[in-house]
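What follows is the content of final.pdb (PDB, C-alpha atoms and all ligand atoms).
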ATOM      1  CA  MET E 235    -165.873-101.180  -0.643  1.00  0.00           C
ATOM      2  CA  GLU E 236    -164.657-104.043  -2.825  1.00  0.00           C
ATOM      3  CA  LYS E 237    -161.287-105.348  -1.675  1.00  0.00           C
ATOM      4  CA  TYR E 238    -158.272-105.202  -3.959  1.00  0.00           C
ATOM      5  CA  ARG E 239    -157.360-108.682  -5.251  1.00  0.00           C
ATOM      6  CA  ALA E 240    -153.731-109.601  -4.764  1.00  0.00           C
ATOM      7  CA  LEU E 241    -150.924-112.123  -4.904  1.00  0.00           C
ATOM      8  CA  VAL E 242    -148.256-111.864  -2.249  1.00  0.00           C
ATOM      9  CA  LEU E 243    -144.723-112.346  -3.545  1.00  0.00           C
ATOM     10  CA  PHE E 244    -142.937-113.556  -0.445  1.00  0.00           C
ATOM     11  CA  GLY E 245    -139.303-114.212   0.342  1.00  0.00           C
ATOM     12  CA  ALA E 246    -136.132-113.099   2.074  1.00  0.00           C
ATOM     13  CA  PRO E 247    -134.126-110.084   0.930  1.00  0.00           C
ATOM     14  CA  GLY E 248    -132.320-111.257  -2.210  1.00  0.00           C
ATOM     15  CA  SER E 249    -134.787-114.049  -2.992  1.00  0.00           C
ATOM     16  CA  GLY E 250    -135.677-112.444  -6.321  1.00  0.00           C
ATOM     17  CA  LYS E 251    -139.294-111.537  -5.589  1.00  0.00           C
ATOM     18  CA  GLY E 252    -138.725-108.056  -7.024  1.00  0.00           C
ATOM     19  CA  THR E 253    -137.205-109.465 -10.215  1.00  0.00           C
ATOM     20  CA  GLN E 254    -140.148-111.823 -10.649  1.00  0.00           C
ATOM     21  CA  GLY E 255    -142.604-109.022  -9.886  1.00  0.00           C
ATOM     22  CA  LYS E 256    -141.037-106.962 -12.670  1.00  0.00           C
ATOM     23  CA  PHE E 257    -141.102-109.901 -15.116  1.00  0.00           C
ATOM     24  CA  LEU E 258    -144.730-110.656 -14.306  1.00  0.00           C
ATOM     25  CA  SER E 259    -145.794-107.052 -14.696  1.00  0.00           C
ATOM     26  CA  LYS E 260    -144.315-107.105 -18.225  1.00  0.00           C
ATOM     27  CA  VAL E 261    -145.948-110.309 -19.388  1.00  0.00           C
ATOM     28  CA  THR E 262    -149.323-109.814 -17.716  1.00  0.00           C
ATOM     29  CA  ASN E 263    -151.760-106.994 -17.218  1.00  0.00           C
ATOM     30  CA  HIS E 264    -151.225-107.025 -13.443  1.00  0.00           C
ATOM     31  CA  LEU E 265    -149.495-104.530 -11.206  1.00  0.00           C
ATOM     32  CA  HIS E 266    -146.232-105.068  -9.317  1.00  0.00           C
ATOM     33  CA  ILE E 267    -146.170-103.062  -6.085  1.00  0.00           C
ATOM     34  CA  SER E 268    -142.892-102.916  -4.138  1.00  0.00           C
ATOM     35  CA  SER E 269    -143.205-101.439  -0.652  1.00  0.00           C
ATOM     36  CA  GLY E 270    -139.439-100.817  -0.574  1.00  0.00           C
ATOM     37  CA  GLU E 271    -139.667 -98.751  -3.781  1.00  0.00           C
ATOM     38  CA  ILE E 272    -142.617 -96.776  -2.429  1.00  0.00           C
ATOM     39  CA  LEU E 273    -140.675 -95.988   0.746  1.00  0.00           C
ATOM     40  CA  ARG E 274    -137.397 -95.172  -1.031  1.00  0.00           C
ATOM     41  CA  ASP E 275    -139.331 -92.664  -3.162  1.00  0.00           C
ATOM     42  CA  LEU E 276    -140.618 -90.784  -0.107  1.00  0.00           C
ATOM     43  CA  PRO E 277    -138.746 -87.446  -0.046  1.00  0.00           C
ATOM     44  CA  ARG E 278    -136.197 -87.401   2.799  1.00  0.00           C
ATOM     45  CA  ASP E 279    -137.262 -83.915   3.802  1.00  0.00           C
ATOM     46  CA  SER E 280    -140.920 -84.857   4.319  1.00  0.00           C
ATOM     47  CA  GLU E 281    -142.228 -85.942   7.720  1.00  0.00           C
ATOM     48  CA  LEU E 282    -143.047 -89.490   6.543  1.00  0.00           C
ATOM     49  CA  GLY E 283    -139.849 -89.722   4.489  1.00  0.00           C
ATOM     50  CA  LYS E 284    -137.674 -88.764   7.436  1.00  0.00           C
ATOM     51  CA  LEU E 285    -139.324 -91.439   9.547  1.00  0.00           C
ATOM     52  CA  PHE E 286    -139.155 -94.306   7.036  1.00  0.00           C
ATOM     53  CA  HIS E 287    -135.670 -93.522   5.720  1.00  0.00           C
ATOM     54  CA  GLY E 288    -134.521 -93.655   9.352  1.00  0.00           C
ATOM     55  CA  TYR E 289    -135.729 -97.269   9.621  1.00  0.00           C
ATOM     56  CA  MET E 290    -134.464 -98.244   6.174  1.00  0.00           C
ATOM     57  CA  ASP E 291    -131.023 -96.862   6.905  1.00  0.00           C
ATOM     58  CA  LYS E 292    -130.804 -99.266   9.853  1.00  0.00           C
ATOM     59  CA  GLY E 293    -132.330-102.272   8.087  1.00  0.00           C
ATOM     60  CA  GLU E 294    -135.300-102.208  10.438  1.00  0.00           C
ATOM     61  CA  LEU E 295    -138.981-102.239   9.564  1.00  0.00           C
ATOM     62  CA  GLY E 296    -141.082 -99.110   9.700  1.00  0.00           C
ATOM     63  CA  PRO E 297    -144.220 -99.038  11.932  1.00  0.00           C
ATOM     64  CA  ASP E 298    -146.952-101.420  10.753  1.00  0.00           C
ATOM     65  CA  ASP E 299    -149.898 -99.024  10.909  1.00  0.00           C
ATOM     66  CA  MET E 300    -148.054 -96.261   9.060  1.00  0.00           C
ATOM     67  CA  MET E 301    -146.799 -98.695   6.440  1.00  0.00           C
ATOM     68  CA  ILE E 302    -150.353 -99.806   5.705  1.00  0.00           C
ATOM     69  CA  GLU E 303    -151.499 -96.177   5.572  1.00  0.00           C
ATOM     70  CA  VAL E 304    -148.753 -95.261   3.066  1.00  0.00           C
ATOM     71  CA  PHE E 305    -149.674 -98.323   1.000  1.00  0.00           C
ATOM     72  CA  LYS E 306    -153.387 -97.468   1.082  1.00  0.00           C
ATOM     73  CA  GLU E 307    -152.791 -93.923  -0.081  1.00  0.00           C
ATOM     74  CA  TYR E 308    -150.398 -95.060  -2.794  1.00  0.00           C
ATOM     75  CA  ILE E 309    -152.988 -97.485  -4.210  1.00  0.00           C
ATOM     76  CA  GLU E 310    -155.847 -94.993  -3.956  1.00  0.00           C
ATOM     77  CA  ASN E 311    -153.717 -92.494  -5.841  1.00  0.00           C
ATOM     78  CA  LEU E 312    -153.067 -95.044  -8.605  1.00  0.00           C
ATOM     79  CA  VAL E 313    -156.801 -95.689  -8.873  1.00  0.00           C
ATOM     80  CA  SER E 314    -157.652 -91.998  -9.046  1.00  0.00           C
ATOM     81  CA  LYS E 315    -155.044 -91.445 -11.764  1.00  0.00           C
ATOM     82  CA  GLY E 316    -156.425 -94.346 -13.786  1.00  0.00           C
ATOM     83  CA  LYS E 317    -153.194 -96.332 -13.423  1.00  0.00           C
ATOM     84  CA  TYR E 318    -154.775 -99.252 -11.619  1.00  0.00           C
ATOM     85  CA  ASP E 319    -158.088-100.854 -12.438  1.00  0.00           C
ATOM     86  CA  PRO E 320    -159.064-102.990  -9.420  1.00  0.00           C
ATOM     87  CA  GLU E 321    -161.806-104.741 -11.408  1.00  0.00           C
ATOM     88  CA  ASN E 322    -159.385-106.251 -13.883  1.00  0.00           C
ATOM     89  CA  GLN E 323    -155.915-106.131 -12.364  1.00  0.00           C
ATOM     90  CA  LEU E 324    -154.342-108.065  -9.523  1.00  0.00           C
ATOM     91  CA  LEU E 325    -151.824-106.433  -7.227  1.00  0.00           C
ATOM     92  CA  MET E 326    -148.574-108.390  -6.991  1.00  0.00           C
ATOM     93  CA  LEU E 327    -147.354-107.365  -3.570  1.00  0.00           C
ATOM     94  CA  ASP E 328    -143.589-107.376  -3.037  1.00  0.00           C
ATOM     95  CA  GLY E 329    -142.401-106.548   0.470  1.00  0.00           C
ATOM     96  CA  ILE E 330    -145.814-106.202   2.068  1.00  0.00           C
ATOM     97  CA  PRO E 331    -147.166-107.672   4.328  1.00  0.00           C
ATOM     98  CA  ARG E 332    -143.932-108.207   6.235  1.00  0.00           C
ATOM     99  CA  THR E 333    -145.261-108.881   9.741  1.00  0.00           C
ATOM    100  CA  VAL E 334    -148.296-110.699  11.158  1.00  0.00           C
ATOM    101  CA  PRO E 335    -149.894-107.391  12.298  1.00  0.00           C
ATOM    102  CA  GLN E 336    -149.556-106.145   8.692  1.00  0.00           C
ATOM    103  CA  VAL E 337    -151.367-109.291   7.495  1.00  0.00           C
ATOM    104  CA  LYS E 338    -154.249-108.412   9.800  1.00  0.00           C
ATOM    105  CA  LEU E 339    -154.308-104.714   8.867  1.00  0.00           C
ATOM    106  CA  LEU E 340    -154.238-105.525   5.150  1.00  0.00           C
ATOM    107  CA  GLU E 341    -157.213-107.862   5.454  1.00  0.00           C
ATOM    108  CA  ALA E 342    -159.539-104.855   5.505  1.00  0.00           C
ATOM    109  CA  LEU E 343    -158.225-103.684   2.124  1.00  0.00           C
ATOM    110  CA  VAL E 344    -156.903-106.665   0.228  1.00  0.00           C
ATOM    111  CA  GLU E 345    -158.132-110.140  -0.664  1.00  0.00           C
ATOM    112  CA  VAL E 346    -155.004-112.308  -0.915  1.00  0.00           C
ATOM    113  CA  GLU E 347    -155.596-115.104  -3.443  1.00  0.00           C
ATOM    114  CA  LYS E 348    -152.166-116.765  -3.354  1.00  0.00           C
ATOM    115  CA  VAL E 349    -148.900-116.416  -1.471  1.00  0.00           C
ATOM    116  CA  VAL E 350    -145.880-117.276  -3.605  1.00  0.00           C
ATOM    117  CA  PHE E 351    -142.859-118.178  -1.479  1.00  0.00           C
ATOM    118  CA  PHE E 352    -139.527-117.707  -3.242  1.00  0.00           C
ATOM    119  CA  ASP E 353    -137.384-120.208  -1.382  1.00  0.00           C
ATOM    120  CA  VAL E 354    -133.636-119.837  -1.840  1.00  0.00           C
ATOM    121  CA  GLY E 355    -132.705-122.135   1.022  1.00  0.00           C
ATOM    122  CA  SER E 356    -129.418-120.813   2.305  1.00  0.00           C
ATOM    123  CA  LYS E 357    -128.651-117.467   3.883  1.00  0.00           C
ATOM    124  CA  GLU E 358    -125.195-117.520   2.286  1.00  0.00           C
ATOM    125  CA  ALA E 359    -126.727-117.659  -1.214  1.00  0.00           C
ATOM    126  CA  LEU E 360    -128.977-114.698  -0.360  1.00  0.00           C
ATOM    127  CA  MET E 361    -126.076-112.645   0.969  1.00  0.00           C
ATOM    128  CA  GLU E 362    -124.044-113.364  -2.142  1.00  0.00           C
ATOM    129  CA  ARG E 363    -126.880-112.271  -4.437  1.00  0.00           C
ATOM    130  CA  ILE E 364    -127.367-109.041  -2.531  1.00  0.00           C
ATOM    131  CA  SER E 365    -123.647-108.263  -2.660  1.00  0.00           C
ATOM    132  CA  LYS E 366    -123.819-108.594  -6.451  1.00  0.00           C
ATOM    133  CA  ARG E 367    -126.912-106.394  -6.600  1.00  0.00           C
ATOM    134  CA  ALA E 368    -125.130-103.820  -4.416  1.00  0.00           C
ATOM    135  CA  ALA E 369    -122.346-103.552  -6.974  1.00  0.00           C
ATOM    136  CA  ILE E 370    -124.910-102.791  -9.696  1.00  0.00           C
ATOM    137  CA  GLU E 371    -127.597-100.741  -7.951  1.00  0.00           C
ATOM    138  CA  GLY E 372    -125.612 -99.256  -5.075  1.00  0.00           C
ATOM    139  CA  ARG E 373    -128.494 -99.316  -2.584  1.00  0.00           C
ATOM    140  CA  ALA E 374    -127.059 -98.190   0.756  1.00  0.00           C
ATOM    141  CA  ASP E 375    -128.891-100.930   2.683  1.00  0.00           C
ATOM    142  CA  ASP E 376    -127.355-103.580   0.373  1.00  0.00           C
ATOM    143  CA  THR E 377    -123.821-102.251   0.598  1.00  0.00           C
ATOM    144  CA  SER E 378    -123.366-102.379   4.373  1.00  0.00           C
ATOM    145  CA  MET E 379    -122.790-105.836   5.866  1.00  0.00           C
ATOM    146  CA  SER E 380    -124.210-104.898   9.267  1.00  0.00           C
ATOM    147  CA  ILE E 381    -127.442-103.489   7.779  1.00  0.00           C
ATOM    148  CA  LEU E 382    -127.770-106.586   5.647  1.00  0.00           C
ATOM    149  CA  GLU E 383    -127.323-108.862   8.689  1.00  0.00           C
ATOM    150  CA  GLU E 384    -130.046-106.886  10.461  1.00  0.00           C
ATOM    151  CA  ARG E 385    -132.464-107.286   7.508  1.00  0.00           C
ATOM    152  CA  MET E 386    -131.843-111.043   7.514  1.00  0.00           C
ATOM    153  CA  ASN E 387    -132.527-111.163  11.270  1.00  0.00           C
ATOM    154  CA  VAL E 388    -135.743-109.183  10.808  1.00  0.00           C
ATOM    155  CA  PHE E 389    -136.792-111.589   8.061  1.00  0.00           C
ATOM    156  CA  GLU E 390    -136.167-114.645  10.228  1.00  0.00           C
ATOM    157  CA  GLY E 391    -137.632-113.115  13.384  1.00  0.00           C
ATOM    158  CA  LYS E 392    -140.731-111.318  12.099  1.00  0.00           C
ATOM    159  CA  THR E 393    -141.367-111.819   8.401  1.00  0.00           C
ATOM    160  CA  LEU E 394    -141.195-115.625   8.131  1.00  0.00           C
ATOM    161  CA  LYS E 395    -144.244-115.824  10.420  1.00  0.00           C
ATOM    162  CA  VAL E 396    -146.314-114.131   7.688  1.00  0.00           C
ATOM    163  CA  MET E 397    -146.457-117.438   5.810  1.00  0.00           C
ATOM    164  CA  GLY E 398    -148.125-119.140   8.757  1.00  0.00           C
ATOM    165  CA  ALA E 399    -150.792-116.438   8.896  1.00  0.00           C
ATOM    166  CA  TYR E 400    -152.320-117.593   5.568  1.00  0.00           C
ATOM    167  CA  PRO E 401    -154.205-120.843   4.959  1.00  0.00           C
ATOM    168  CA  LYS E 402    -151.953-123.607   3.568  1.00  0.00           C
ATOM    169  CA  GLU E 403    -154.065-123.887   0.412  1.00  0.00           C
ATOM    170  CA  LYS E 404    -152.978-120.400  -0.595  1.00  0.00           C
ATOM    171  CA  LEU E 405    -149.265-121.130  -0.352  1.00  0.00           C
ATOM    172  CA  ILE E 406    -147.142-121.935  -3.415  1.00  0.00           C
ATOM    173  CA  THR E 407    -143.452-122.640  -2.823  1.00  0.00           C
ATOM    174  CA  ILE E 408    -141.063-122.011  -5.696  1.00  0.00           C
ATOM    175  CA  ASN E 409    -137.422-123.106  -5.836  1.00  0.00           C
ATOM    176  CA  ALA E 410    -135.824-119.678  -6.129  1.00  0.00           C
ATOM    177  CA  ALA E 411    -132.251-120.971  -5.995  1.00  0.00           C
ATOM    178  CA  GLN E 412    -132.474-121.401  -9.787  1.00  0.00           C
ATOM    179  CA  GLY E 413    -131.779-118.754 -12.426  1.00  0.00           C
ATOM    180  CA  PRO E 414    -134.449-116.066 -12.900  1.00  0.00           C
ATOM    181  CA  LEU E 415    -135.984-117.529 -16.070  1.00  0.00           C
ATOM    182  CA  PHE E 416    -136.349-120.974 -14.497  1.00  0.00           C
ATOM    183  CA  VAL E 417    -138.020-119.366 -11.509  1.00  0.00           C
ATOM    184  CA  LEU E 418    -140.355-117.481 -13.865  1.00  0.00           C
ATOM    185  CA  LYS E 419    -141.189-120.727 -15.661  1.00  0.00           C
ATOM    186  CA  ASP E 420    -142.149-122.395 -12.369  1.00  0.00           C
ATOM    187  CA  VAL E 421    -144.207-119.392 -11.286  1.00  0.00           C
ATOM    188  CA  LEU E 422    -146.069-119.423 -14.599  1.00  0.00           C
ATOM    189  CA  ASN E 423    -146.632-123.169 -14.327  1.00  0.00           C
ATOM    190  CA  HIS E 424    -148.486-122.537 -11.085  1.00  0.00           C
ATOM    191  CA  LEU E 425    -150.131-119.208 -11.785  1.00  0.00           C
ATOM    192  CA  THR E 426    -150.994-118.965 -15.481  1.00  0.00           C
ATOM    193  CA  PRO E 427    -154.671-119.843 -14.894  1.00  0.00           C
ATOM    194  CA  LEU E 428    -154.944-117.072 -12.308  1.00  0.00           C
ATOM    195  CA  LEU E 429    -152.847-114.507 -14.207  1.00  0.00           C
ATOM    196  CA  ALA E 430    -154.548-115.099 -17.556  1.00  0.00           C
ATOM    197  CA  ARG E 431    -158.041-114.425 -16.179  1.00  0.00           C
TER     198      ARG E 431
HETATM  199  P1  LIG E 501    -135.484-106.264   0.658  1.00  0.00           P
HETATM  200  O1  LIG E 501    -136.631-107.173   0.350  1.00  0.00           O
HETATM  201  O2  LIG E 501    -134.313-106.491  -0.250  1.00  0.00           O
HETATM  202  O3  LIG E 501    -135.074-106.253   2.109  1.00  0.00           O
HETATM  203  P2  LIG E 501    -137.176-103.880   0.285  1.00  0.00           P
HETATM  204  O4  LIG E 501    -136.889-102.953  -0.827  1.00  0.00           O
HETATM  205  O5  LIG E 501    -138.390-104.728   0.196  1.00  0.00           O
HETATM  206  O6  LIG E 501    -135.855-104.760   0.408  1.00  0.00           O
HETATM  207  O7  LIG E 501    -137.252-103.068   1.673  1.00  0.00           O
HETATM  208  C1  LIG E 501    -136.277-102.141   2.058  1.00  0.00           C
HETATM  209  C2  LIG E 501    -136.598-101.543   3.429  1.00  0.00           C
HETATM  210  O8  LIG E 501    -137.845-100.829   3.382  1.00  0.00           O
HETATM  211  C3  LIG E 501    -136.782-102.539   4.563  1.00  0.00           C
HETATM  212  O9  LIG E 501    -135.558-102.908   5.154  1.00  0.00           O
HETATM  213  C4  LIG E 501    -137.659-101.737   5.538  1.00  0.00           C
HETATM  214  O10 LIG E 501    -136.912-100.808   6.270  1.00  0.00           O
HETATM  215  C5  LIG E 501    -138.574-100.961   4.615  1.00  0.00           C
HETATM  216  N1  LIG E 501    -139.835-101.696   4.334  1.00  0.00           N
HETATM  217  C6  LIG E 501    -140.185-102.259   3.144  1.00  0.00           C
HETATM  218  N2  LIG E 501    -141.384-102.854   3.228  1.00  0.00           N
HETATM  219  C7  LIG E 501    -141.816-102.686   4.501  1.00  0.00           C
HETATM  220  C8  LIG E 501    -142.975-103.089   5.230  1.00  0.00           C
HETATM  221  N3  LIG E 501    -143.949-103.816   4.649  1.00  0.00           N
HETATM  222  N4  LIG E 501    -143.077-102.724   6.523  1.00  0.00           N
HETATM  223  C9  LIG E 501    -142.138-102.007   7.130  1.00  0.00           C
HETATM  224  N5  LIG E 501    -141.003-101.597   6.520  1.00  0.00           N
HETATM  225  C10 LIG E 501    -140.826-101.922   5.217  1.00  0.00           C
END
Will you turn the file into structure tokens for me?
Amino acid sequence: MEKYRALVLFGAPGSGKGTQGKFLSKVTNHLHISSGEILRDLPRDSELGKLFHGYMDKGELGPDDMMIEVFKEYIENLVSKGKYDPENQLLMLDGIPRTVPQVKLLEALVEVEKVVFFDVGSKEALMERISKRAAIEGRADDTSMSILEERMNVFEGKTLKVMGAYPKEKLITINAAQGPLFVLKDVLNHLTPLLAR
């Protein structure tokens, strides 16, 4: 099997990787895949949904192997419905991989070409952004301070290590403390040759 080609959009909760993923999916032919959105869409009364919503409600990560399985099935379903053409489209992964074991499990499926790190710098700035987003979107895991603290701890404890699991040449760091359009401009400065292919 050919591996799916992908970019990893990487950053803390609130770093804007989802916003950039959405922008990029509008101005390119490539596909933005948010693991959080996939999981939030799992019906709460299904076996898998019950399990993952339980983790999300606490701000913890779901099990690595099951996460990769859900991802794999989601992508295969897109392919079978003709919504994703692996030959011509890149996946822009937002929220996955989130742990070093996920990096390893994904290697069997996905060829990661670049890792784009959205660097906001301070935790306070991230928390402020998420509080604003909570007022607009009302996501339960954004609204509760204790869940938010837990997600930040998970990011610092487990997810940051993901960056070190990829070769340095693949890493692009973007100043994500700027406004969204300035971030987009910097991303395009780095990635236009890859995205325009
Ligand atoms: P954010 O980046 O703002 O924290 P996401 O929408 O990416 O939010 O993720 C929301 C929740 O979904 C996470 O807190 C976690 O419980 C679950 N989740 C998302 N992606 C993964 C993943 N790759 N592995 C395990 N759990 C995940």
Legend entry - Expected selection as a count of residues only for ligand LIG 501 (chain E) within 8 Å, only C-alpha atoms and all ligand atoms: 39
Legend entry - Selection near segment 419-424 of chain E, 12 Å with all atoms listed in the file, sequence-local residues under 5 positions removed, as a ChimeraX atom specification: /E:241,243,251,254-255,257-258,261-262,348-352,404-414,429-430
Inset, instruction - Carefully work through the PyMOL selection byres (((chain E and resi 340) around 10) and not hetatm) for this structure and note down the residues it includes, as a list in words. - result: Lys237, Tyr238, Asp299, Ile302, Glu303, Phe305, Lys306, Ile330, Pro331, Val334, Pro335, Gln336, Val337, Lys338, Leu339, Glu341, Ala342, Leu343, Val344, Glu345 and Val346 of chain E
Inset, instruction - Work out how far atom CA of Lys256 of chain E is from atom CA of Glu384 of chain E, in Å to one decimal. - result: 25.6 Å
Inset, instruction - Quote the spacing between atom CA of Leu265 of chain E and atom CA of Leu324 of chain E in Å to one decimal place. - result: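 Separation between atom CA of Leu265 of chain E and atom CA of Leu324 of chain E: 6.2 Å.
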Legend entry - atom CA of Gly316 of chain E to atom CA of Met235 of chain E, distance in Å rounded to a single decimal: 17.6 Å
Determine the axis-aligned bounding box of all atoms of segment 344-354 of chain E present in the file, pad each side by 4 Å, and express its centre and edge lengths in Å to one decimal place as AutoDock Vina command-line options.
--center_x -145.9 --center_y -113.4 --center_z -1.7 --size_x 32.5 --size_y 21.5 --size_z 11.8
Inset, instruction - Identify which of the residues E:Leu415, E:Ser378, E:His264, E:Gly250 lies closest to Pro320 of chain E, counting all atoms listed in the file when measuring atom-to-atom distances. - result: E:His264
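Matched in the shown structure by the PyMOL selection byres (((chain E and resi 318) around 12) and not hetatm): Tyr238, Arg239, Asn263, His264, Leu265, His266, Ile267, Tyr308, Ile309, Glu310, Asn311, Leu312, Val313, Ser314, Lys315, Gly316, Lys317, Asp319, Pro320, Glu321, Asn322, Gln323, Leu324, Leu325 and Met326 of chain E.
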